[in-house]
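Coordinates from final.csv are shown below (CSV, C-alpha atoms).
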```csv
chain,number,residue,atom,x,y,z
A,1,MET,CA,48.7,142.9,105.5
A,2,HIS,CA,46.2,142.5,108.3
A,3,ILE,CA,45.0,145.8,109.7
A,4,VAL,CA,46.0,145.1,113.3
A,5,LYS,CA,49.4,144.0,112.2
A,6,GLN,CA,49.8,147.1,110.1
A,7,LEU,CA,48.8,149.4,112.9
A,8,MET,CA,51.2,147.7,115.3
A,9,ALA,CA,54.1,148.4,112.9
A,10,ILE,CA,53.6,152.1,113.5
A,11,PRO,CA,55.8,153.5,116.3
A,12,GLY,CA,53.6,154.8,119.1
A,13,VAL,CA,50.8,152.4,118.6
A,14,LEU,CA,50.6,150.6,121.9
A,15,ALA,CA,47.9,148.0,121.1
A,16,ALA,CA,45.3,147.3,118.4
A,17,GLY,CA,42.5,144.8,118.1
A,18,GLU,CA,39.3,143.7,116.5
A,19,TYR,CA,36.1,142.6,118.1
A,20,ALA,CA,33.0,140.9,116.7
A,21,TYR,CA,30.0,143.3,116.4
A,22,ARG,CA,27.9,140.7,118.1
A,23,GLY,CA,30.3,140.8,121.1
A,24,ASP,CA,31.3,137.2,121.5
A,25,ARG,CA,35.0,137.3,120.4
A,26,PHE,CA,38.0,139.6,120.1
A,27,SER,CA,41.6,139.5,119.0
A,28,TYR,CA,44.5,141.9,119.7
A,29,GLN,CA,48.2,142.6,119.5
A,30,GLY,CA,50.3,144.8,121.8
A,31,ALA,CA,50.5,145.9,125.4
A,32,LEU,CA,47.3,144.5,126.8
A,33,THR,CA,46.6,141.4,128.7
A,34,ASP,CA,43.8,139.0,127.6
A,35,GLU,CA,41.6,140.5,130.3
A,36,PHE,CA,42.4,144.1,129.4
A,37,ALA,CA,41.8,143.4,125.7
A,38,ARG,CA,38.4,141.8,126.6
A,39,MET,CA,37.6,145.0,128.6
A,40,ALA,CA,38.7,147.2,125.8
A,41,SER,CA,36.6,145.3,123.3
A,42,ILE,CA,33.5,145.7,125.6
A,43,LEU,CA,34.2,149.4,126.0
A,44,CYS,CA,34.6,150.0,122.3
A,45,ARG,CA,31.5,148.0,121.4
A,46,ALA,CA,29.5,149.9,124.0
A,47,ASN,CA,30.7,153.3,122.8
A,48,THR,CA,30.1,152.3,119.1
A,49,LEU,CA,26.6,151.3,120.0
A,50,SER,CA,26.0,154.5,121.9
A,51,VAL,CA,27.2,156.9,119.2
A,52,ASN,CA,25.3,155.0,116.6
A,53,MET,CA,22.1,155.3,118.7
A,54,GLN,CA,22.8,159.1,118.9
A,55,ALA,CA,23.3,159.3,115.2
A,56,GLU,CA,20.0,157.6,114.6
A,57,ILE,CA,18.2,160.2,116.7
A,58,PHE,CA,20.2,163.0,115.0
A,59,ASP,CA,19.3,161.7,111.6
A,60,SER,CA,15.6,161.6,112.5
A,61,PHE,CA,15.8,165.4,112.9
A,62,ALA,CA,18.1,166.0,109.9
A,63,GLU,CA,17.8,163.2,107.4
A,64,ASN,CA,20.9,162.5,105.3
A,65,CYS,CA,22.9,165.1,107.1
A,66,GLY,CA,26.1,163.1,106.7
A,67,CYS,CA,26.4,161.8,110.3
A,68,ARG,CA,25.3,158.2,109.8
A,69,PRO,CA,26.4,155.5,109.6
A,70,VAL,CA,28.9,156.5,112.3
A,71,GLN,CA,32.4,155.5,111.2
A,72,GLY,CA,34.1,155.6,114.5
A,73,TRP,CA,35.1,157.7,117.5
A,74,ILE,CA,38.2,159.0,119.4
A,75,VAL,CA,38.8,159.4,123.1
A,76,ARG,CA,41.7,161.8,123.6
A,77,GLY,CA,43.5,161.3,126.9
A,78,ALA,CA,46.3,163.3,128.4
A,79,GLU,CA,49.0,161.0,127.1
A,80,MET,CA,47.1,158.3,125.3
A,81,THR,CA,44.3,158.1,122.7
A,82,ILE,CA,41.8,155.4,121.8
A,83,CYS,CA,40.8,155.3,118.1
A,84,ALA,CA,37.9,153.1,117.1
A,85,VAL,CA,36.8,152.6,113.5
A,86,GLY,CA,34.2,150.0,112.6
A,87,ASN,CA,35.0,147.0,114.8
A,88,TYR,CA,38.7,147.8,115.1
A,89,PHE,CA,40.4,149.8,117.9
A,90,SER,CA,43.8,151.1,118.7
A,91,PHE,CA,45.5,152.5,121.8
A,92,ILE,CA,48.1,155.1,120.8
A,93,GLU,CA,50.5,157.5,122.4
A,94,ASN,CA,49.9,161.2,121.9
A,95,ARG,CA,52.8,161.8,119.5
A,96,ASP,CA,52.8,164.5,116.8
A,97,GLU,CA,50.9,163.4,113.7
A,98,LEU,CA,50.3,159.9,115.0
A,99,LEU,CA,46.5,160.4,115.5
A,100,ASN,CA,46.1,161.7,112.0
A,101,ASP,CA,48.2,158.8,110.6
A,102,VAL,CA,46.3,156.1,112.5
A,103,MET,CA,42.9,157.5,111.6
A,104,THR,CA,43.9,157.8,108.0
A,105,ILE,CA,45.1,154.2,107.9
A,106,MET,CA,42.1,152.8,109.8
A,107,ARG,CA,39.6,154.6,107.6
A,108,ALA,CA,41.4,153.6,104.4
A,109,LYS,CA,41.9,149.9,105.4
A,110,ILE,CA,38.5,149.3,107.0
A,111,GLY,CA,36.6,151.3,104.4
A,112,ASP,CA,33.3,153.0,104.9
A,113,VAL,CA,31.2,151.4,107.6
A,114,GLN,CA,27.8,150.4,106.1
A,115,GLU,CA,24.3,150.9,107.2
A,116,ASP,CA,23.9,147.4,108.7
A,117,LEU,CA,26.2,148.1,111.6
A,118,LEU,CA,23.5,148.5,114.2
A,119,VAL,CA,21.8,145.3,113.0
A,120,ASN,CA,25.1,143.5,113.5
A,121,LEU,CA,25.7,145.0,116.9
A,122,TYR,CA,22.2,143.8,118.0
A,123,SER,CA,22.4,140.5,116.3
A,124,ARG,CA,23.2,138.6,119.5
A,125,LEU,CA,19.8,139.6,120.9
A,126,GLY,CA,18.2,137.2,118.4
A,127,GLY,CA,15.2,137.5,116.2
A,128,ASP,CA,14.6,140.1,113.6
A,129,THR,CA,16.1,143.2,115.2
A,130,ARG,CA,15.7,145.2,112.0
A,131,GLU,CA,12.0,145.6,112.7
A,132,ALA,CA,12.7,147.0,116.2
A,133,LEU,CA,15.4,149.3,115.0
A,134,TYR,CA,13.9,151.0,111.9
B,1,MET,CA,36.0,181.7,123.3
B,2,ASP,CA,37.1,182.7,119.8
B,3,LEU,CA,34.9,180.8,117.5
B,4,HIS,CA,36.4,182.6,114.5
B,5,LYS,CA,39.7,181.0,115.2
B,6,LEU,CA,38.1,177.5,115.3
B,7,MET,CA,36.4,178.2,112.0
B,8,ASP,CA,39.8,178.6,110.5
B,9,LEU,CA,40.6,174.9,111.2
B,10,PRO,CA,40.9,172.7,108.1
B,11,GLY,CA,37.4,171.6,107.1
B,12,ALA,CA,35.5,173.4,109.8
B,13,LEU,CA,31.8,173.6,109.1
B,14,ALA,CA,30.7,174.9,112.5
B,15,ALA,CA,32.1,175.9,115.9
B,16,PHE,CA,30.1,176.1,119.1
B,17,THR,CA,30.1,176.4,122.8
B,18,TYR,CA,27.6,174.8,125.2
B,19,THR,CA,26.7,174.7,128.9
B,20,ASP,CA,27.4,171.9,131.3
B,21,LYS,CA,23.8,170.8,130.7
B,22,GLY,CA,24.3,170.7,126.9
B,23,ASP,CA,22.4,173.8,125.9
B,24,LEU,CA,23.9,175.5,122.9
B,25,ARG,CA,25.4,178.8,124.1
B,26,SER,CA,27.1,180.3,121.0
B,27,HIS,CA,27.8,179.1,117.5
B,28,GLN,CA,29.0,179.8,114.0
B,29,ILE,CA,28.0,177.9,110.9
B,30,ARG,CA,29.9,178.1,107.6
B,31,GLU,CA,27.7,179.5,104.8
B,32,GLY,CA,26.5,176.6,102.7
B,33,ALA,CA,27.0,174.0,105.4
B,34,GLU,CA,23.9,171.9,105.9
B,35,LEU,CA,23.8,172.5,109.6
B,36,THR,CA,21.3,174.5,111.7
B,37,ALA,CA,21.3,175.9,115.2
B,38,GLN,CA,18.7,173.2,116.1
B,39,MET,CA,21.0,170.4,114.9
B,40,LEU,CA,23.9,171.9,116.9
B,41,ASP,CA,21.7,172.1,120.0
B,42,LEU,CA,20.9,168.4,119.7
B,43,LEU,CA,24.6,167.7,119.0
B,44,THR,CA,25.8,169.5,122.1
B,45,ARG,CA,23.6,167.4,124.3
B,46,SER,CA,25.3,164.3,122.9
B,47,CYS,CA,28.7,166.0,123.5
B,48,VAL,CA,27.9,166.3,127.2
B,49,ALA,CA,26.8,162.7,127.4
B,50,ASN,CA,29.9,161.4,125.5
B,51,ARG,CA,32.3,163.4,127.5
B,52,ALA,CA,30.8,162.1,130.7
B,53,ILE,CA,30.9,158.5,129.5
B,54,ALA,CA,34.5,158.9,128.2
B,55,SER,CA,35.5,160.4,131.6
B,56,MET,CA,34.0,157.5,133.5
B,57,GLU,CA,35.7,155.0,131.2
B,58,ALA,CA,39.1,156.7,131.5
B,59,SER,CA,38.8,156.8,135.3
B,60,GLY,CA,37.6,153.2,135.4
B,61,TRP,CA,40.3,151.9,133.0
B,62,GLU,CA,43.1,153.5,135.0
B,63,ALA,CA,41.8,152.2,138.3
B,64,LEU,CA,41.3,148.7,137.0
B,65,THR,CA,44.4,148.3,134.9
B,66,GLY,CA,46.8,150.5,136.7
B,67,GLN,CA,47.7,152.1,133.3
B,68,ALA,CA,48.0,155.9,133.4
B,69,GLY,CA,47.7,158.3,130.6
B,70,PHE,CA,44.0,158.9,129.9
B,71,GLN,CA,43.3,161.4,132.7
B,72,PRO,CA,42.7,164.3,132.5
B,73,LEU,CA,40.5,163.7,129.4
B,74,ARG,CA,41.4,166.0,126.6
B,75,GLY,CA,38.5,165.4,124.3
B,76,PHE,CA,36.2,163.2,122.3
B,77,SER,CA,35.3,162.9,118.7
B,78,VAL,CA,32.5,161.1,116.8
B,79,VAL,CA,33.4,160.3,113.2
B,80,GLY,CA,30.4,160.4,111.0
B,81,LEU,CA,30.1,159.4,107.4
B,82,GLU,CA,30.9,162.9,106.0
B,83,TRP,CA,31.9,165.0,109.0
B,84,SER,CA,33.2,164.6,112.6
B,85,VAL,CA,32.4,166.5,115.7
B,86,VAL,CA,35.4,167.1,117.9
B,87,VAL,CA,34.9,168.5,121.5
B,88,ASP,CA,37.0,169.4,124.4
B,89,GLY,CA,35.7,171.2,127.5
B,90,ASN,CA,32.5,173.1,126.6
B,91,CYS,CA,33.6,173.8,123.1
B,92,GLY,CA,33.4,171.9,119.8
B,93,VAL,CA,33.9,171.9,116.1
B,94,VAL,CA,32.2,170.1,113.2
B,95,VAL,CA,34.8,169.3,110.6
B,96,ARG,CA,34.5,167.8,107.1
B,97,ASN,CA,36.2,164.4,107.1
B,98,ARG,CA,38.0,164.8,103.9
B,99,ASP,CA,39.8,167.9,105.2
B,100,VAL,CA,40.0,167.1,108.9
B,101,ASP,CA,43.2,167.4,111.0
B,102,TYR,CA,42.2,165.7,114.3
B,103,GLU,CA,45.4,166.7,116.1
B,104,ALA,CA,45.2,170.4,115.1
B,105,THR,CA,41.5,170.4,116.1
B,106,PHE,CA,42.1,168.9,119.5
B,107,ASN,CA,45.0,171.3,120.1
B,108,ALA,CA,43.0,174.3,119.0
B,109,LEU,CA,40.2,173.3,121.3
B,110,GLN,CA,42.5,172.9,124.2
B,111,ALA,CA,44.0,176.3,123.6
B,112,ALA,CA,40.6,178.0,123.1
```
Give the structure from this file in structure tokens form.
Amino acid sequence: MHIVKQLMAIPGVLAAGEYAYRGDRFSYQGALTDEFARMASILCRANTLSVNMQAEIFDSFAENCGCRPVQGWIVRGAEMTICAVGNYFSFIENRDELLNDVMTIMRAKIGDVQEDLLVNLYSRLGGDTREALY
Amino acid sequence: MDLHKLMDLPGALAAFTYTDKGDLRSHQIREGAELTAQMLDLLTRSCVANRAIASMEASGWEALTGQAGFQPLRGFSVVGLEWSVVVDGNCGVVVRNRDVDYEATFNALQAA
């Protein structure tokens, strides 16, 4: 079953989606409008880029310390939480055990994010971004 | 701030507090964990930055969409390959991914 569909089958998951690392497309299911899903995709892509940049810096101080490649991030709100793993995101209610369940499913279904994530995130810039990044 | 309690969380490798500027204030590191005070000091600076960004996004999202539920922000976590850092307020925990209980960690940080 597709990851987004599987996430949406869990009670308390409000919306879930996927965006292209290069930032030119997205898809979603749940309680978002097309415009809100577009905004959510931009937000998630920007945060993913940011935390990966931080991990690159961190790794330069402590090589192979276990922080990179970053697998995802969580923003915990008062009543809602955003979970992002790889290029997937989900908006969930703050219910008992739901965050752990959603993160477990996302990590298991998406698998380990590989080292080429930053290259993919930058790919729309064109050219050989690997040289500039590493 | 009782860092000992935070170190009792499942998979906790380190617990720390930091100033609003991101300077490491106090910390505990589990024996054998490949973390140093210098690494935590760098980590706490990213914690301040990520909290500020998340707060801005939560505020902007609620204003633009009319959806409530994100504010006040209760925390942020970055999930690395082997460990995650979970922060709330001026306090954080580094937890091993294979043992992590995100909900318990967020709850413990809020209570700390």
List every residue of chain A that has an atom at most 6 Å from any atom of chain B, giving for each one its closest atom pair and the distance in Å to one decimal, counting all atoms listed in the file, sorted by chain and then by ascending residue number, as JSON lines.
```
{"residue": "A:Gly66", "atom": "CA", "partner": "B:Glu82", "partner_atom": "CA", "distance": 4.9}
{"residue": "A:Cys67", "atom": "CA", "partner": "B:Gly80", "partner_atom": "CA", "distance": 4.3}
{"residue": "A:Arg68", "atom": "CA", "partner": "B:Leu81", "partner_atom": "CA", "distance": 5.5}
{"residue": "A:Pro69", "atom": "CA", "partner": "B:Leu81", "partner_atom": "CA", "distance": 5.8}
{"residue": "A:Val70", "atom": "CA", "partner": "B:Gly80", "partner_atom": "CA", "distance": 4.4}
{"residue": "A:Gln71", "atom": "CA", "partner": "B:Val79", "partner_atom": "CA", "distance": 5.3}
{"residue": "A:Gly72", "atom": "CA", "partner": "B:Val79", "partner_atom": "CA", "distance": 4.9}
{"residue": "A:Trp73", "atom": "CA", "partner": "B:Val78", "partner_atom": "CA", "distance": 4.3}
{"residue": "A:Ile74", "atom": "CA", "partner": "B:Ser77", "partner_atom": "CA", "distance": 4.9}
{"residue": "A:Val75", "atom": "CA", "partner": "B:Phe76", "partner_atom": "CA", "distance": 4.7}
{"residue": "A:Arg76", "atom": "CA", "partner": "B:Gly75", "partner_atom": "CA", "distance": 4.9}
{"residue": "A:Gly77", "atom": "CA", "partner": "B:Phe70", "partner_atom": "CA", "distance": 3.9}
{"residue": "A:Ala78", "atom": "CA", "partner": "B:Phe70", "partner_atom": "CA", "distance": 5.2}
{"residue": "A:Glu79", "atom": "CA", "partner": "B:Gly69", "partner_atom": "CA", "distance": 4.6}
{"residue": "A:Met80", "atom": "CA", "partner": "B:Gly69", "partner_atom": "CA", "distance": 5.3}
```
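With only the atoms specified (all atoms listed in the file) counting, those residues at most 10 Å away from (29.6, 181.8, 105.9) are Met7, Leu13, Ala14, Gln28, Ile29, Arg30, Glu31, Gly32 and Ala33 of chain B.
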Save out the residues we just selected, C-alpha atoms, as a PDB file, keeping the file's coordinate frame.
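Result file is part00.pdb:
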```pdb
ATOM      1  CA  MET B   7      36.400 178.200 112.000  1.00  0.00           C
ATOM      2  CA  LEU B  13      31.800 173.600 109.100  1.00  0.00           C
ATOM      3  CA  ALA B  14      30.700 174.900 112.500  1.00  0.00           C
ATOM      4  CA  GLN B  28      29.000 179.800 114.000  1.00  0.00           C
ATOM      5  CA  ILE B  29      28.000 177.900 110.900  1.00  0.00           C
ATOM      6  CA  ARG B  30      29.900 178.100 107.600  1.00  0.00           C
ATOM      7  CA  GLU B  31      27.700 179.500 104.800  1.00  0.00           C
ATOM      8  CA  GLY B  32      26.500 176.600 102.700  1.00  0.00           C
ATOM      9  CA  ALA B  33      27.000 174.000 105.400  1.00  0.00           C
TER      10      ALA B  33
END
```
message: Nearest residue to B:Asn90 out of B:Cys47, B:Ala111, B:Met56, B:Ala12, using all atoms listed in the file?
response: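 When distances to B:Asn90 are compared using all atoms listed in the file, the smallest one comes from B:Cys47.
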query: Could you name the residues that touch A:Gly17 at 10 Å or less, counting only C-alpha atoms, but leaving out those on the same chain fewer than 4 positions away, as a PyMOL selection string?
result: chain A and resi 3-5+7-8+26-30+32+37-38+40-41+84+87-91
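With atom CA of A:Ala15 on one side and atom CA of A:Asp112 on the other, the separation reads 22.4 Å.
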query: Expressed in Å to a single decimal, how great is the separation between atom CA of A:Met106 and atom CA of A:Thr48?
result: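 These atoms are spaced 15.2 Å apart.
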task: To one decimal in Å, tell me the separation between atom CA of A:Glu115 and atom CA of A:Met103.
output: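 Computing it gives 20.2 Å between the two atoms.
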- prompt: Which polymer residues, protein or nucleic acid, are no farther than 6 Å from (25.4, 182.7, 119.7), counting all atoms listed in the file, as a ChimeraX atom specification?
  reply: /B:25-27
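Residue neighbourhood of A:Leu98, excluding near-sequence residues (fewer than 3 positions): Ile10, Pro11, Gly12, Val13, Ile92, Glu93, Asn94, Arg95, Asp101, Val102 and Met103 of chain A; Glu103 of chain B, at 9 Å, using only C-alpha atoms.
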Could you write out the selected residues, including C-alpha atoms, as a PDB file, in the frame of the given file?
```pdb
ATOM      1  CA  ILE A  10      53.600 152.100 113.500  1.00  0.00           C
ATOM      2  CA  PRO A  11      55.800 153.500 116.300  1.00  0.00           C
ATOM      3  CA  GLY A  12      53.600 154.800 119.100  1.00  0.00           C
ATOM      4  CA  VAL A  13      50.800 152.400 118.600  1.00  0.00           C
ATOM      5  CA  ILE A  92      48.100 155.100 120.800  1.00  0.00           C
ATOM      6  CA  GLU A  93      50.500 157.500 122.400  1.00  0.00           C
ATOM      7  CA  ASN A  94      49.900 161.200 121.900  1.00  0.00           C
ATOM      8  CA  ARG A  95      52.800 161.800 119.500  1.00  0.00           C
ATOM      9  CA  ASP A 101      48.200 158.800 110.600  1.00  0.00           C
ATOM     10  CA  VAL A 102      46.300 156.100 112.500  1.00  0.00           C
ATOM     11  CA  MET A 103      42.900 157.500 111.600  1.00  0.00           C
TER      12      MET A 103
ATOM     13  CA  GLU B 103      45.400 166.700 116.100  1.00  0.00           C
TER      14      GLU B 103
END
```
